[in-house]
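J.: Mind having a look at this structure? Questions to follow.
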Number of protein chains: 2
Amino acid sequence: MINDLLIENIDEDGQFSKTQQEEFCAYFQQKTITKKTFLLEQGEVCKWEGFVLDGCFRIFTIDKNGNENTLYFAAKNWWLMDIDSFMNHKPSDLNIQALEDSKVLLISQKDKLTLYESIPIAEKLFRVMFQKSIVAWQRRLVRNHSLTAKERYAHFIGSYPEIASKLTDRQTSSYLGITHEFLSKIKKQLQIQ
Amino acid sequence: MINDLLIENIDEDGQFSKTQQEEFCAYFQQKTITKKTFLLEQGEVCKWEGFVLDGCFRIFTIDKNGNENTLYFAAKNWWLMDIDSFMNHKPSDLNIQALEDSKVLLISQKDKLTLYESIPIAEKLFRVMFQKSIVAWQRRLVRNHSLTAKERYAHFIGSYPEIASKLTDRQTSSYLGITHEFLSKIKKQLQIQ
């Protein structure tokens, strides 16, 4: 069965034939994750690449003092995994937790390799997808270095209003790398202006 | 002419034939960059992907207050470009400056696309290279969120002693995202221990 969201995401220029679309989708298994459930826990090896069909996930680490540090979020139409753990078969530094009831499509490492062999055009499409992913990481780092916390907050709620609306203040502040108190101050300042 | 460093970097499993190695290398132009010269300046469009043969580069942004923020460094055997500018044909947010006399191999966007068509295995090799690059970005973000400035400094000089030795304290502090004064304090603490 063809999943339109998945196909549109990976093959926006329509390079797959109908048969390739069907074969591509057949490698993925759908999984339902209820709110607050972990798709991956720190210390586990990540054995899949995931694509979010519905819902939203928070990706975070817990440091040695027990503090949660949110790295990013993955909403509908986004890919998610711990690529370091997946590629290097090492225990993950990340937790991936559903912020709400969610649905994902997962593909195992073995099936991903088979997919590349049987649908050669997939190499190009994932190469481009990984390039886009690096663009997103680079933009994030540029923002972290060149914007103030207030500007980063304004950018986040402006760019991802749906994700921002699902978060507690504690989750938002752990994503921005600021204290809960500082976030309250920023929110007050933005309301006044 | 085959450049061994370039071939070993991209094709560590030896999947290229001799002819493919020669063809691959022929797409790249060598360029010598003297110390302090810019390979890319903020506002320019990045029209190439680069591979460092020798020397070292600093990649940084200048924010609206005129402060330099160092994002990363690229030494011998590393790839470098502004992937956001390169992919999206937009003016770059980055400056790429030689820290010392350096040599790079550059490939244009047009030649890169021709390369993928004429050497299909290159799709896979660059797909894997981009995955490794995402791993590096992810590790950087995890460190930024979960380590203290002192731990990040210790990790940096432990992992990249050669790069660290080429830097002024101001460049190191702008990479760690801390003030020059705070770096001096950390260095004193580490000497005492």
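In the structure tokens, chains take letters A, B, ... by order of appearance, with residues numbered from 1 within each chain and ligands from 1 in the order shown.
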Identify every residue of chain B that has at least one atom within 10 Å of any atom of chain A, counting only C-alpha atoms, and report the result as number ranges by chain.

T.: B: 60-65, 67-72, 82-88, 93-94, 116, 120-147, 174-177

J.: Based on the backbone DSSP call, show me all residues of segment 64-156 of chain B assigned strand (DSSP E or B), as a PyMOL selection string.

T.: chain B and resi 68-75+79-80+95-98+102-108

J.: Pick out the residues sitting within 12 Å of Asp4 of chain B, and hand them over as a PyMOL selection string; count only C-alpha atoms, and ignore anything fewer than 3 positions along from it in its own chain.

T.: chain B and resi 1+7-12+14+18+21-22+24-25+53+77

J.: Residues as selected, C-alpha atoms, written as a compact mmCIF listing (two decimals), in the first residue's frame, can you do that?

T.:
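Saved the output as part-v5.txt:
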# COMPACT_ATOMS: atom_id res chain seq x y z
CA MET B 1 46.01 12.51 -11.70
CA ILE B 7 40.10 8.97 -2.79
CA GLU B 8 40.83 7.44 0.63
CA ASN B 9 38.46 9.94 2.23
CA ILE B 10 35.47 9.29 0.01
CA ASP B 11 36.00 5.64 -0.89
CA GLU B 12 37.48 3.97 2.17
CA GLY B 14 37.83 0.79 -2.32
CA LYS B 18 41.18 2.97 -11.20
CA GLN B 21 39.34 7.29 -9.31
CA GLU B 22 40.92 9.25 -12.16
CA PHE B 24 36.49 11.53 -9.88
CA CYS B 25 39.66 13.50 -9.18
CA LEU B 53 44.38 18.90 1.29
CA ASN B 77 41.09 15.59 5.12

J.: Residues at most 10 Å from Thr32 of chain A, counting only C-alpha atoms, excluding those fewer than 5 positions away in the same chain, as JSON, numbers by chain?

T.: {"A": [37, 39, 53, 54, 55, 98, 101, 102, 103, 104, 105]}

J.: So that I can see what lies close to Glu49 of chain B, please list as a list in words the residues with an atom at most 8 Å from it, counting only C-alpha atoms and leaving out residues fewer than 6 positions away in the same chain.

T.: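 Result of the neighbour search: Trp79, Leu80, Met81, Phe86, Leu106, Ile107, Ser108 and Gln109 of chain B.
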
J.: Skip Leu183 of chain A itself and residues of its chain fewer than 5 positions away, then list as an mmCIF file with C-alpha atoms, in the first residue's frame all residues within 8 Å of it, counting only C-alpha atoms.

T.:
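Saved as out_39.cif:
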data_model
loop_
_atom_site.group_PDB
_atom_site.id
_atom_site.type_symbol
_atom_site.label_atom_id
_atom_site.label_comp_id
_atom_site.auth_asym_id
_atom_site.auth_seq_id
_atom_site.Cartn_x
_atom_site.Cartn_y
_atom_site.Cartn_z
ATOM 1 C CA ASP A 169 7.454 25.964 29.450
ATOM 2 C CA SER A 173 13.297 26.381 27.954
ATOM 3 C CA ILE A 178 17.866 28.755 29.076
#

J.: Which polymer residues have any atom within 6 Å of an atom of Ile96 of chain A, counting only C-alpha atoms, with same-chain residues fewer than 3 positions away left out, as a PyMOL selection string?

T.: chain A and resi 38-40+58-59

J.: My list of candidates is B:His155, B:Arg170, B:Lys150, B:His89. Which is closest to Lys185 of chain B when distances are computed with only C-alpha atoms?

T.: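 Counting only C-alpha atoms, the residue closest to Lys185 of chain B is B:Lys150.
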
J.: How many Å separate atom CA of Ser184 of chain A from atom CA of Thr34 of chain A?

T.: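 Those two atoms sit 29.5 Å apart.
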
J.: What gap, in Å, lies between atom CA of Pro161 of chain A and atom CA of Lys188 of chain A?

T.: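 So the answer is 17.8 Å.
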